[in-house]
file input-v6.txt (compact mmCIF, C-alpha atoms)
# COMPACT_ATOMS: atom_id res chain seq x y z
CA MET T 1 7.83 175.94 17.90
CA ASN T 2 6.98 177.31 14.47
CA PRO T 3 8.71 175.71 11.49
CA GLN T 4 11.46 177.66 9.75
CA LYS T 5 10.22 179.20 6.49
CA VAL T 6 12.44 178.66 3.45
CA LEU T 7 11.80 180.11 -0.01
CA ILE T 8 12.95 177.84 -2.85
CA ILE T 9 13.44 179.48 -6.24
CA ALA T 10 13.30 176.88 -9.01
CA TYR T 11 12.64 176.93 -12.73
CA TYR T 12 11.91 173.19 -13.05
CA TRP T 13 8.82 172.09 -11.19
CA PRO T 14 6.02 169.63 -12.11
CA PRO T 15 4.73 169.15 -14.74
CA ALA T 16 8.33 169.49 -15.94
CA GLY T 17 9.85 166.08 -16.59
CA GLY T 18 13.39 164.78 -16.21
CA PRO T 19 15.74 164.38 -13.24
CA GLY T 20 16.26 168.11 -12.62
CA VAL T 21 12.76 168.60 -11.23
CA GLN T 22 12.87 165.59 -8.91
CA ARG T 23 15.67 166.84 -6.66
CA TRP T 24 13.68 169.65 -5.04
CA LEU T 25 10.36 167.89 -5.41
CA LYS T 26 11.75 165.25 -3.04
CA PHE T 27 13.40 167.75 -0.68
CA VAL T 28 10.09 169.61 -0.44
CA LYS T 29 8.34 166.32 0.30
CA TYR T 30 10.47 165.54 3.37
CA LEU T 31 11.54 168.95 4.74
CA PRO T 32 8.31 169.53 6.74
CA GLU T 33 9.04 166.38 8.78
CA LEU T 34 12.29 168.07 9.85
CA GLY T 35 10.85 171.37 11.04
CA ILE T 36 11.20 173.36 7.81
CA GLU T 37 8.33 174.91 5.85
CA PRO T 38 9.24 175.07 2.14
CA ILE T 39 7.64 177.72 -0.07
CA VAL T 40 8.26 177.10 -3.78
CA TYR T 41 8.55 179.91 -6.34
CA CYS T 42 8.41 178.80 -9.99
CA PRO T 43 7.23 180.08 -13.40
CA GLU T 44 3.53 180.27 -14.22
CA ASN T 45 3.88 179.61 -17.96
CA PRO T 46 7.25 177.87 -18.55
CA ASN T 47 8.41 176.37 -21.82
CA TYR T 48 9.46 172.95 -20.54
CA PRO T 49 11.10 170.76 -23.22
CA ILE T 50 9.96 167.62 -21.37
CA VAL T 51 6.61 167.28 -19.57
CA ASP T 52 5.63 164.53 -17.14
CA GLU T 53 2.15 165.07 -15.72
CA SER T 54 2.57 162.09 -13.36
CA LEU T 55 5.00 164.13 -11.23
CA VAL T 56 2.21 166.59 -10.38
CA ASN T 57 0.71 163.87 -8.21
CA GLU T 58 3.85 163.85 -6.05
CA ILE T 59 3.53 167.48 -4.97
CA PRO T 60 2.52 167.55 -1.27
CA ASN T 61 -0.98 168.96 -0.82
CA ASP T 62 -0.07 171.40 1.96
CA ILE T 63 2.91 173.07 0.27
CA THR T 64 2.69 176.76 -0.67
CA ILE T 65 3.56 177.31 -4.33
CA ILE T 66 3.73 180.81 -5.78
CA LYS T 67 4.05 181.50 -9.49
CA GLN T 68 4.81 184.45 -11.71
CA PRO T 69 4.73 184.75 -15.53
CA ILE T 70 7.92 184.28 -17.53
CA LYS T 71 8.88 185.40 -21.05
CA GLU T 72 11.16 182.92 -22.80
CA PRO T 73 12.98 183.19 -26.15
CA TYR T 74 12.32 179.53 -26.98
CA GLN T 75 8.67 180.43 -27.51
CA LEU T 76 9.77 182.90 -30.21
CA ALA T 77 12.50 180.60 -31.54
CA SER T 78 9.95 177.88 -32.19
CA PHE T 79 8.55 180.04 -35.00
CA LEU T 80 11.90 179.61 -36.80
CA SER T 81 12.15 175.88 -36.16
CA LYS T 82 9.99 174.13 -33.59
CA ARG T 83 12.07 170.94 -33.76
CA SER T 84 15.44 172.69 -33.39
CA SER T 85 14.12 174.89 -30.59
CA LYS T 86 12.87 171.90 -28.63
CA LYS T 87 16.12 169.96 -29.14
CA ILE T 88 18.35 172.83 -28.06
CA SER T 89 16.21 173.74 -25.05
CA SER T 90 16.43 170.11 -23.88
CA GLY T 91 20.21 170.09 -24.24
CA VAL T 92 20.45 168.00 -27.42
CA ILE T 93 22.86 170.06 -29.52
CA PRO T 94 23.87 168.58 -32.91
CA LYS T 95 27.57 168.30 -33.75
CA ALA T 96 28.95 171.52 -35.26
CA LYS T 97 29.38 169.97 -38.72
CA LYS T 98 25.73 168.90 -38.83
CA GLN T 99 24.15 172.09 -37.52
CA SER T 100 21.83 173.90 -39.89
CA LEU T 101 22.17 177.64 -40.42
CA THR T 102 19.09 178.13 -38.24
CA GLU T 103 20.58 176.02 -35.43
CA LYS T 104 23.89 177.90 -35.59
CA LEU T 105 22.03 181.19 -35.37
CA MET T 106 19.88 179.99 -32.47
CA LEU T 107 22.94 178.79 -30.53
CA TYR T 108 24.81 182.05 -31.13
CA VAL T 109 21.86 184.17 -30.03
CA ARG T 110 21.19 181.92 -27.02
CA GLY T 111 24.85 182.03 -25.95
CA ASN T 112 25.60 185.70 -26.41
CA PHE T 113 22.33 187.58 -25.98
CA PHE T 114 20.91 185.56 -23.09
CA ILE T 115 23.45 185.51 -20.28
CA PRO T 116 23.49 183.52 -18.10
CA ASP T 117 20.72 181.65 -19.92
CA ALA T 118 17.41 181.90 -21.73
CA ARG T 119 15.50 182.65 -18.48
CA LYS T 120 17.30 185.94 -17.81
CA ASN T 121 14.13 187.98 -18.47
CA TRP T 122 12.58 186.44 -15.37
CA ILE T 123 15.24 187.90 -13.05
CA LYS T 124 14.02 191.50 -12.69
CA PRO T 125 10.28 190.81 -12.24
CA SER T 126 11.06 187.97 -9.83
CA VAL T 127 13.31 190.16 -7.68
CA GLU T 128 10.62 192.84 -7.53
CA PHE T 129 7.87 190.40 -6.61
CA LEU T 130 9.90 188.33 -4.14
CA SER T 131 11.35 191.34 -2.33
CA GLU T 132 7.85 192.26 -1.14
CA TYR T 133 6.83 188.64 -0.57
CA ILE T 134 9.86 187.95 1.63
CA LYS T 135 9.22 191.06 3.74
CA THR T 136 5.50 190.38 4.09
CA HIS T 137 5.92 186.73 5.08
CA LYS T 138 9.06 187.26 7.21
CA ILE T 139 11.18 184.74 5.32
CA GLU T 140 14.81 184.58 6.46
CA THR T 141 16.27 181.90 4.17
CA VAL T 142 16.27 181.70 0.36
CA ILE T 143 17.49 178.75 -1.72
CA THR T 144 18.16 178.94 -5.46
CA THR T 145 18.65 175.83 -7.56
CA GLY T 146 20.20 175.82 -11.02
CA PRO T 147 20.71 175.41 -13.86
CA PRO T 148 19.23 177.56 -15.21
CA HIS T 149 21.66 179.85 -13.40
CA SER T 150 19.30 182.82 -13.73
CA MET T 151 17.78 181.42 -10.53
CA HIS T 152 21.07 182.17 -8.77
CA ILE T 153 21.09 185.73 -10.12
CA ILE T 154 17.65 186.21 -8.57
CA GLY T 155 19.15 185.04 -5.28
CA LEU T 156 22.16 187.32 -5.74
CA GLU T 157 19.93 190.39 -6.17
CA LEU T 158 17.74 189.44 -3.20
CA LYS T 159 20.85 188.99 -1.07
CA LYS T 160 22.03 192.49 -2.03
CA ASN T 161 18.69 194.09 -1.17
CA LEU T 162 17.48 192.15 1.86
CA ASN T 163 18.77 190.78 5.14
CA ILE T 164 18.44 187.09 4.21
CA LYS T 165 20.48 183.92 4.35
CA TRP T 166 21.11 182.52 0.88
CA LEU T 167 21.97 178.97 -0.12
CA THR T 168 22.84 178.15 -3.74
CA ASP T 169 22.23 174.61 -5.00
CA PHE T 170 24.21 173.69 -8.12
CA ARG T 171 22.78 170.55 -9.74
CA ASP T 172 25.48 170.93 -12.43
CA PRO T 173 28.62 173.06 -12.79
CA TRP T 174 28.33 176.45 -14.49
CA THR T 175 31.19 177.52 -16.78
CA THR T 176 32.78 174.06 -17.10
CA ILE T 177 29.72 172.05 -18.12
CA GLY T 178 30.06 170.36 -21.51
CA TYR T 179 27.33 172.15 -23.48
CA HIS T 180 28.73 175.55 -22.47
CA LYS T 181 31.39 175.18 -25.17
CA ALA T 182 28.73 174.54 -27.82
CA LEU T 183 27.03 177.92 -27.35
CA LYS T 184 29.41 179.80 -29.68
CA LEU T 185 30.33 182.28 -26.95
CA THR T 186 32.43 185.33 -27.73
CA LYS T 187 35.32 186.14 -25.37
CA SER T 188 33.21 188.90 -23.89
CA SER T 189 30.32 186.50 -23.21
CA GLN T 190 32.65 183.92 -21.68
CA GLN T 191 34.00 186.61 -19.34
CA LYS T 192 30.49 187.66 -18.32
CA HIS T 193 29.67 184.06 -17.33
CA ILE T 194 32.86 183.84 -15.28
CA GLU T 195 32.11 187.15 -13.55
CA LEU T 196 28.54 186.11 -12.68
CA GLU T 197 29.68 182.72 -11.42
CA THR T 198 32.31 184.41 -9.24
CA LYS T 199 29.76 186.84 -7.78
CA VAL T 200 27.31 184.06 -6.94
CA LEU T 201 29.93 181.78 -5.39
CA ASN T 202 31.34 184.58 -3.24
CA SER T 203 28.04 186.17 -2.18
CA ALA T 204 26.10 183.09 -1.06
CA ASP T 205 26.15 182.09 2.60
CA ALA T 206 26.37 178.40 1.72
CA ILE T 207 26.88 176.39 -1.46
CA VAL T 208 25.57 172.90 -2.22
CA VAL T 209 26.84 170.79 -5.11
CA THR T 210 25.98 167.28 -6.26
CA SER T 211 29.49 165.85 -6.75
CA ASN T 212 32.96 165.91 -5.22
CA HIS T 213 34.52 167.06 -8.49
CA THR T 214 32.29 170.16 -8.56
CA LYS T 215 33.18 170.87 -4.94
CA ASN T 216 36.89 170.66 -5.78
CA GLU T 217 36.38 173.01 -8.74
CA PHE T 218 34.41 175.59 -6.74
CA GLU T 219 36.91 175.53 -3.88
CA THR T 220 39.39 177.14 -6.29
CA LYS T 221 36.91 179.98 -6.87
CA THR T 222 35.56 180.76 -3.38
CA THR T 223 36.27 180.36 0.31
CA LYS T 224 32.57 180.00 1.15
CA PRO T 225 31.50 176.65 2.70
CA ILE T 226 30.62 173.98 0.11
CA SER T 227 28.66 170.81 0.89
CA VAL T 228 28.10 167.78 -1.31
CA ILE T 229 24.51 166.54 -1.29
CA THR T 230 23.99 164.18 -4.21
CA ASN T 231 20.75 163.32 -5.90
CA GLY T 232 19.17 160.12 -4.67
CA TYR T 233 16.43 157.53 -4.81
CA ASP T 234 13.00 157.48 -3.23
CA ASN T 235 10.81 154.55 -2.29
CA HIS T 236 8.15 153.74 -4.86
CA SER T 237 5.29 151.31 -5.37
CA VAL T 238 6.17 150.33 -8.95
CA ARG T 239 6.36 146.58 -9.48
CA VAL T 240 7.02 144.33 -12.47
CA GLU T 241 5.90 140.74 -12.84
CA GLU T 242 9.20 139.51 -14.27
CA LYS T 243 12.33 140.55 -16.11
CA HIS T 244 12.30 140.85 -19.90
CA LYS T 245 12.64 137.52 -21.68
CA GLU T 246 15.18 139.11 -24.04
CA PHE T 247 18.70 140.07 -22.99
CA THR T 248 17.80 143.77 -22.75
CA LEU T 249 20.32 146.54 -22.26
CA SER T 250 18.35 149.72 -21.45
CA HIS T 251 19.42 153.35 -21.28
CA ILE T 252 17.03 155.72 -19.52
CA GLY T 253 17.50 159.44 -20.10
CA SER T 254 18.96 161.75 -22.73
CA LEU T 255 21.64 160.60 -25.15
CA LEU T 256 23.24 163.78 -26.44
CA SER T 257 25.34 163.96 -29.61
CA GLU T 258 28.61 163.71 -27.66
CA ARG T 259 27.27 161.00 -25.35
CA ASN T 260 27.83 158.44 -28.05
CA PRO T 261 29.90 155.38 -27.02
CA LYS T 262 30.96 154.03 -30.41
CA ILE T 263 33.15 151.52 -28.56
CA LEU T 264 29.97 149.91 -27.18
CA TRP T 265 28.15 149.83 -30.51
CA GLU T 266 31.21 148.13 -32.04
CA VAL T 267 31.37 145.52 -29.26
CA LEU T 268 27.67 144.74 -29.56
CA SER T 269 27.96 144.44 -33.34
CA GLU T 270 30.84 141.99 -32.96
CA LEU T 271 28.98 139.89 -30.41
CA ILE T 272 25.92 139.73 -32.65
CA SER T 273 28.11 138.55 -35.56
CA GLU T 274 30.05 136.03 -33.49
CA ASN T 275 27.36 134.59 -31.23
CA ILE T 276 24.06 133.33 -32.69
CA ALA T 277 22.42 133.00 -29.26
CA PHE T 278 23.41 136.58 -28.39
CA SER T 279 22.06 137.81 -31.72
CA LYS T 280 18.69 136.16 -31.10
CA ALA T 281 18.33 137.40 -27.53
CA PHE T 282 19.84 140.90 -27.53
CA GLN T 283 17.79 144.11 -27.55
CA LEU T 284 18.94 147.68 -26.91
CA ASN T 285 16.25 149.96 -25.41
CA LEU T 286 16.73 153.73 -25.54
CA ILE T 287 14.19 155.46 -23.31
CA GLY T 288 14.30 159.25 -23.47
CA VAL T 289 15.49 161.97 -25.84
CA VAL T 290 18.07 160.57 -28.28
CA SER T 291 20.24 162.61 -30.63
CA ASP T 292 20.03 161.82 -34.35
CA ASP T 293 23.83 161.45 -34.33
CA VAL T 294 23.60 158.64 -31.78
CA VAL T 295 20.89 156.81 -33.71
CA GLU T 296 22.96 157.12 -36.89
CA SER T 297 26.04 155.67 -35.17
CA ILE T 298 24.03 152.70 -33.89
CA HIS T 299 22.53 152.00 -37.30
CA ASN T 300 25.95 152.29 -38.98
CA THR T 301 27.27 149.42 -36.87
CA GLY T 302 24.48 147.10 -37.99
CA LEU T 303 22.37 147.26 -34.83
CA LYS T 304 19.23 148.73 -36.40
CA LYS T 305 17.03 145.65 -35.95
CA HIS T 306 18.24 145.24 -32.36
CA VAL T 307 17.52 148.79 -31.15
CA ASN T 308 14.22 150.07 -29.81
CA VAL T 309 14.06 153.89 -29.59
CA ILE T 310 11.15 154.43 -27.22
CA GLY T 311 11.39 158.16 -26.48
CA TYR T 312 10.36 159.93 -23.31
CA VAL T 313 8.07 158.06 -20.91
CA SER T 314 6.59 158.94 -17.53
CA HIS T 315 8.71 158.52 -14.42
CA ASP T 316 6.83 155.39 -13.35
CA GLU T 317 7.24 153.85 -16.80
CA ALA T 318 10.97 154.59 -16.68
CA ILE T 319 11.21 152.77 -13.34
CA LYS T 320 9.42 149.77 -14.87
CA TYR T 321 12.03 149.61 -17.62
CA GLN T 322 14.80 149.81 -15.03
CA MET T 323 13.36 146.93 -13.05
CA ALA T 324 12.45 144.72 -16.01
CA SER T 325 15.69 145.11 -17.97
CA ARG T 326 18.54 142.64 -17.74
CA LEU T 327 21.21 145.37 -17.78
CA LEU T 328 21.11 149.14 -17.36
CA LEU T 329 23.32 151.39 -19.45
CA LEU T 330 24.86 154.59 -18.13
CA ILE T 331 26.91 156.75 -20.51
CA GLU T 332 28.89 159.91 -19.94
CA ILE T 333 30.94 161.96 -22.41
CA ASP T 334 34.64 161.13 -22.42
CA SER T 335 35.85 164.47 -21.10
CA GLU T 336 37.55 165.99 -18.07
CA ASP T 337 34.53 168.29 -17.73
CA THR T 338 32.07 165.42 -17.22
CA LYS T 339 33.81 163.76 -14.28
CA ALA T 340 31.63 165.90 -12.00
CA ILE T 341 28.35 164.91 -13.65
CA ILE T 342 26.28 162.33 -11.77
CA PRO T 343 23.08 161.62 -13.73
CA GLY T 344 20.00 161.57 -11.53
CA LYS T 345 18.99 158.21 -12.96
CA LEU T 346 22.05 156.56 -11.41
CA PHE T 347 20.43 156.56 -7.99
CA GLU T 348 17.27 154.89 -9.24
CA TYR T 349 19.46 152.43 -11.11
CA LEU T 350 21.07 151.57 -7.75
CA ILE T 351 17.82 150.20 -6.27
CA SER T 352 16.50 148.55 -9.45
CA GLU T 353 18.15 145.18 -8.66
CA THR T 354 19.60 145.35 -12.18
CA PRO T 355 23.36 145.41 -12.93
CA ILE T 356 24.73 148.69 -14.31
CA LEU T 357 27.06 148.82 -17.30
CA ALA T 358 28.69 152.26 -17.28
CA ILE T 359 31.08 153.95 -19.70
CA GLY T 360 32.72 157.30 -19.03
CA PRO T 361 35.92 159.17 -18.17
CA ASP T 362 38.38 157.73 -15.66
CA ASP T 363 38.16 158.80 -12.01
CA SER T 364 34.61 160.15 -12.21
CA ASP T 365 32.18 160.48 -9.31
CA VAL T 366 29.92 157.95 -11.05
CA GLN T 367 32.72 155.40 -11.09
CA GLU T 368 33.27 155.88 -7.37
CA ILE T 369 29.58 155.39 -6.50
CA ILE T 370 29.10 152.29 -8.69
CA THR T 371 32.24 150.69 -7.27
CA LYS T 372 31.41 151.58 -3.67
CA THR T 373 27.85 150.22 -3.90
CA ASN T 374 28.78 147.07 -5.86
CA THR T 375 26.01 147.78 -8.38
CA GLY T 376 27.81 147.29 -11.68
CA VAL T 377 30.97 147.70 -13.71
CA TYR T 378 32.52 150.91 -15.03
CA PHE T 379 34.68 151.20 -18.16
CA ASN T 380 36.57 153.99 -19.86
CA TYR T 381 36.54 154.53 -23.62
CA ASN T 382 39.81 152.62 -24.16
CA GLN T 383 38.74 149.33 -22.57
CA LYS T 384 37.07 147.67 -25.53
CA GLU T 385 38.25 144.12 -24.82
CA LYS T 386 37.38 144.31 -21.12
CA LEU T 387 33.95 145.69 -22.03
CA LYS T 388 33.39 142.86 -24.47
CA ALA T 389 34.48 140.23 -21.91
CA GLN T 390 32.11 141.71 -19.33
CA LEU T 391 29.16 141.62 -21.73
CA ILE T 392 29.92 137.96 -22.50
CA GLU T 393 30.02 137.24 -18.77
CA TYR T 394 26.71 139.01 -18.23
CA PHE T 395 25.13 137.15 -21.17
CA GLU T 396 26.27 133.77 -19.85
CA ALA T 397 24.79 134.63 -16.45
CA TYR T 398 21.54 135.62 -18.20
CA GLN T 399 21.46 132.24 -19.97
CA LYS T 400 21.84 130.50 -16.61
CA ASN T 401 19.18 132.78 -15.06
CA SER T 402 21.75 133.98 -12.52
CA LEU T 403 22.24 137.57 -13.65
CA ASN T 404 21.69 139.70 -10.54
CA VAL T 405 23.29 142.34 -8.35
CA ASN T 406 24.18 142.44 -4.65
CA ALA T 407 24.12 146.13 -3.78
CA ILE T 408 25.66 147.47 -0.56
CA GLY T 409 25.67 150.83 1.24
CA LEU T 410 22.69 152.41 -0.52
CA GLN T 411 20.97 154.05 2.47
CA PRO T 412 22.98 157.33 2.40
CA TYR T 413 21.55 157.96 -1.08
CA SER T 414 17.91 157.75 0.01
CA ARG T 415 15.95 160.98 -0.43
CA LYS T 416 15.06 160.99 3.28
CA ALA T 417 18.70 160.75 4.35
CA LEU T 418 19.74 163.44 1.88
CA THR T 419 16.92 165.76 3.01
CA LYS T 420 18.15 165.37 6.58
CA CYS T 421 21.57 166.59 5.45
CA MET T 422 19.95 169.53 3.67
CA SER T 423 17.80 170.43 6.69
CA GLU T 424 20.84 170.43 9.00
CA LEU T 425 22.66 172.74 6.61
CA ILE T 426 19.67 175.12 6.42
CA LYS T 427 19.31 175.27 10.21
CA ALA T 428 23.03 175.91 10.68
CA MET T 429 23.05 178.99 8.40

call {"tool": "encode", "arguments": {"input": "input-v6.txt", "output": "structure tokens"}}
result
Amino acid sequence: MNPQKVLIIAYYWPPAGGPGVQRWLKFVKYLPELGIEPIVYCPENPNYPIVDESLVNEIPNDITIIKQPIKEPYQLASFLSKRSSKKISSGVIPKAKKQSLTEKLMLYVRGNFFIPDARKNWIKPSVEFLSEYIKTHKIETVITTGPPHSMHIIGLELKKNLNIKWLTDFRDPWTTIGYHKALKLTKSSQQKHIELETKVLNSADAIVVTSNHTKNEFETKTTKPISVITNGYDNHSVRVEEKHKEFTLSHIGSLLSERNPKILWEVLSELISENIAFSKAFQLNLIGVVSDDVVESIHNTGLKKHVNVIGYVSHDEAIKYQMASRLLLLIEIDSEDTKAIIPGKLFEYLISETPILAIGPDDSDVQEIITKTNTGVYFNYNQKEKLKAQLIEYFEAYQKNSLNVNAIGLQPYSRKALTKCMSELIKAM
């Protein structure tokens, strides 16, 4: 029996770095074992804000990958300000009061002239190319993964023109995601986003989301079937000799301007002032893209000599930090909109054998997963004293060399298990 051919339309693909690329890289890795032949369509010359060449080595050798050129405004915007262009394209948007005139202009143009996003110019040529490719290779199923949501518009046009089954995979929400409000959208532009989102949600044959909150949101906008398939963890061969000697609290991933837990910086500053042993042992590691606003807040609370801003590292290096750290930090913006966001790093945190210290909005999907798996403690932004008490408890366990975690129920979050769920959904379409 021949495997079922599935065309996957994705913007992020190795050598792109970050968690967005890993979701479909892992699905593609395991789908052939389940009777599905994935064919990946991605840009030939993308302007990725983060590059991780190590992920190229994870692409299966026998997978068909087709590429077409893309024209992106960030390449032109970099002539105005290379630094601002790179920050904005990676999602690090400065607070409104601190935005330069150039940054304000770039955000306005990005939000109102490039709908749904800066990859809109790839839609028409992709539809033309893929229409012929799908007919020639007798492909019956197309999957689009976004953001960027231009990928879904490609799927929408292909669905209109061809007799295909179409599955949309939303790694994040569309019109309710936090940065959407920072794009200086006019009322007309906001309405266009809503109209496009509505068309996609009501034209797809099946919808996949990564969190229960996003499913609940989309169920108010469509009657089409919606499945939750989270991100997950994969087995790896990375090993570390021992944990850090210092009492390290490490955050892996982007820290945007609004993802700035001043409550934590205050608690750490107090502990350093009150506890000599804590002051000598404590180190905060920030691995990934960090907003200048966050760094400024940390320095303002007297933590400058205790913080180590490392920047972006390869995926394997990030895993090493996770495994060697004493505590792992997970931060989400204190907002109703972010309850649906489950950072991809959470799932690697789960298998790192390192306790998670998480801060975010009440009743989030992250809170549910951390509690259910017994992998750490979750706090909201009003629980300063409880947060401080927990850090003292963790530090005392570190001093006794008994700081560990006893995780439970992790298997459903393995990439293999999640790919099985995806394959069953594809076959049922």

call {"tool": "residues_around", "arguments": {"input": "input-v6.txt", "residues": "stretch 18-29 of chain T", "least_positions_apart": "3", "cutoff": "10 Å", "atoms": "all atoms listed in the file", "output": "PDB file with C-alpha atoms, in the coordinates of the input"}}
result
ATOM      1  CA  ILE T   8      12.950 177.840  -2.850  1.00  0.00           C
ATOM      2  CA  ILE T   9      13.440 179.480  -6.240  1.00  0.00           C
ATOM      3  CA  ALA T  10      13.300 176.880  -9.010  1.00  0.00           C
ATOM      4  CA  TYR T  11      12.640 176.930 -12.730  1.00  0.00           C
ATOM      5  CA  TYR T  12      11.910 173.190 -13.050  1.00  0.00           C
ATOM      6  CA  TRP T  13       8.820 172.090 -11.190  1.00  0.00           C
ATOM      7  CA  PRO T  14       6.020 169.630 -12.110  1.00  0.00           C
ATOM      8  CA  PRO T  15       4.730 169.150 -14.740  1.00  0.00           C
ATOM      9  CA  PRO T  32       8.310 169.530   6.740  1.00  0.00           C
ATOM     10  CA  GLU T  33       9.040 166.380   8.780  1.00  0.00           C
ATOM     11  CA  ILE T  36      11.200 173.360   7.810  1.00  0.00           C
ATOM     12  CA  GLU T  37       8.330 174.910   5.850  1.00  0.00           C
ATOM     13  CA  PRO T  38       9.240 175.070   2.140  1.00  0.00           C
ATOM     14  CA  ILE T  39       7.640 177.720  -0.070  1.00  0.00           C
ATOM     15  CA  VAL T  40       8.260 177.100  -3.780  1.00  0.00           C
ATOM     16  CA  PRO T  49      11.100 170.760 -23.220  1.00  0.00           C
ATOM     17  CA  ILE T  50       9.960 167.620 -21.370  1.00  0.00           C
ATOM     18  CA  VAL T  51       6.610 167.280 -19.570  1.00  0.00           C
ATOM     19  CA  ASP T  52       5.630 164.530 -17.140  1.00  0.00           C
ATOM     20  CA  LEU T  55       5.000 164.130 -11.230  1.00  0.00           C
ATOM     21  CA  VAL T  56       2.210 166.590 -10.380  1.00  0.00           C
ATOM     22  CA  GLU T  58       3.850 163.850  -6.050  1.00  0.00           C
ATOM     23  CA  ILE T  59       3.530 167.480  -4.970  1.00  0.00           C
ATOM     24  CA  PRO T  60       2.520 167.550  -1.270  1.00  0.00           C
ATOM     25  CA  ASN T  61      -0.980 168.960  -0.820  1.00  0.00           C
ATOM     26  CA  ASP T  62      -0.070 171.400   1.960  1.00  0.00           C
ATOM     27  CA  ILE T  63       2.910 173.070   0.270  1.00  0.00           C
ATOM     28  CA  SER T  90      16.430 170.110 -23.880  1.00  0.00           C
ATOM     29  CA  THR T 145      18.650 175.830  -7.560  1.00  0.00           C
ATOM     30  CA  GLY T 146      20.200 175.820 -11.020  1.00  0.00           C
ATOM     31  CA  PRO T 147      20.710 175.410 -13.860  1.00  0.00           C
ATOM     32  CA  ASP T 169      22.230 174.610  -5.000  1.00  0.00           C
ATOM     33  CA  ARG T 171      22.780 170.550  -9.740  1.00  0.00           C
ATOM     34  CA  ASP T 172      25.480 170.930 -12.430  1.00  0.00           C
ATOM     35  CA  THR T 230      23.990 164.180  -4.210  1.00  0.00           C
ATOM     36  CA  ASN T 231      20.750 163.320  -5.900  1.00  0.00           C
ATOM     37  CA  GLY T 232      19.170 160.120  -4.670  1.00  0.00           C
ATOM     38  CA  TYR T 233      16.430 157.530  -4.810  1.00  0.00           C
ATOM     39  CA  ASP T 234      13.000 157.480  -3.230  1.00  0.00           C
ATOM     40  CA  GLY T 253      17.500 159.440 -20.100  1.00  0.00           C
ATOM     41  CA  SER T 254      18.960 161.750 -22.730  1.00  0.00           C
ATOM     42  CA  GLY T 288      14.300 159.250 -23.470  1.00  0.00           C
ATOM     43  CA  TYR T 312      10.360 159.930 -23.310  1.00  0.00           C
ATOM     44  CA  VAL T 313       8.070 158.060 -20.910  1.00  0.00           C
ATOM     45  CA  SER T 314       6.590 158.940 -17.530  1.00  0.00           C
ATOM     46  CA  HIS T 315       8.710 158.520 -14.420  1.00  0.00           C
ATOM     47  CA  PRO T 343      23.080 161.620 -13.730  1.00  0.00           C
ATOM     48  CA  GLY T 344      20.000 161.570 -11.530  1.00  0.00           C
ATOM     49  CA  LYS T 345      18.990 158.210 -12.960  1.00  0.00           C
ATOM     50  CA  ARG T 415      15.950 160.980  -0.430  1.00  0.00           C
ATOM     51  CA  LYS T 416      15.060 160.990   3.280  1.00  0.00           C
ATOM     52  CA  LEU T 418      19.740 163.440   1.880  1.00  0.00           C
ATOM     53  CA  THR T 419      16.920 165.760   3.010  1.00  0.00           C
ATOM     54  CA  LYS T 420      18.150 165.370   6.580  1.00  0.00           C
ATOM     55  CA  MET T 422      19.950 169.530   3.670  1.00  0.00           C
ATOM     56  CA  SER T 423      17.800 170.430   6.690  1.00  0.00           C
TER      57      SER T 423
END

call {"tool": "atom_distance", "arguments": {"input": "input-v6.txt", "atom1": "atom CA of T:Ile408", "atom2": "atom CA of T:Gly376"}}
result
11.3 Å

call {"tool": "atom_distance", "arguments": {"input": "input-v6.txt", "atom1": "atom CA of T:His251", "atom2": "atom CA of T:Thr175"}}
result
27.3 Å

call {"tool": "closest_residue", "arguments": {"input": "input-v6.txt", "among": "T:Lys187, T:Lys304, T:His244, T:His213", "to": "T:Asp363", "atoms": "all atoms listed in the file"}}
result
T:His213

call {"tool": "closest_residue", "arguments": {"input": "input-v6.txt", "among": "T:Lys159, T:Lys165, T:Lys215, T:Arg239", "to": "T:Val200", "atoms": "all atoms listed in the file"}}
result
T:Lys159

call {"tool": "axis_aligned_box", "arguments": {"input": "input-v6.txt", "around": "stretch 296-303 of chain T", "padding_each_side": "5 Å", "output": "lines of an AutoDock Vina configuration file"}}
result
center_x = 24.8
center_y = 152.1
center_z = -36.4
size_x = 14.9
size_y = 20.0
size_z = 15.1

call {"tool": "closest_residue", "arguments": {"input": "input-v6.txt", "among": "T:Asn212, T:Ile333, T:Ser227, T:Val240", "to": "T:Glu258", "atoms": "all atoms listed in the file"}}
result
T:Ile333

call {"tool": "residues_near_point", "arguments": {"input": "input-v6.txt", "point": "(9.6, 139.1, -16.7)", "cutoff": "10 Å", "atoms": "only C-alpha atoms", "output": "PDB file with C-alpha atoms, keeping the file's coordinate frame"}}
result
ATOM      1  CA  VAL T 240       7.020 144.330 -12.470  1.00  0.00           C
ATOM      2  CA  GLU T 241       5.900 140.740 -12.840  1.00  0.00           C
ATOM      3  CA  GLU T 242       9.200 139.510 -14.270  1.00  0.00           C
ATOM      4  CA  LYS T 243      12.330 140.550 -16.110  1.00  0.00           C
ATOM      5  CA  HIS T 244      12.300 140.850 -19.900  1.00  0.00           C
ATOM      6  CA  LYS T 245      12.640 137.520 -21.680  1.00  0.00           C
ATOM      7  CA  GLU T 246      15.180 139.110 -24.040  1.00  0.00           C
ATOM      8  CA  MET T 323      13.360 146.930 -13.050  1.00  0.00           C
ATOM      9  CA  ALA T 324      12.450 144.720 -16.010  1.00  0.00           C
ATOM     10  CA  SER T 325      15.690 145.110 -17.970  1.00  0.00           C
ATOM     11  CA  ARG T 326      18.540 142.640 -17.740  1.00  0.00           C
TER      12      ARG T 326
END

call {"tool": "atom_distance", "arguments": {"input": "input-v6.txt", "atom1": "atom CA of T:Asn380", "atom2": "atom CA of T:Ser352"}}
result
23.3 Å
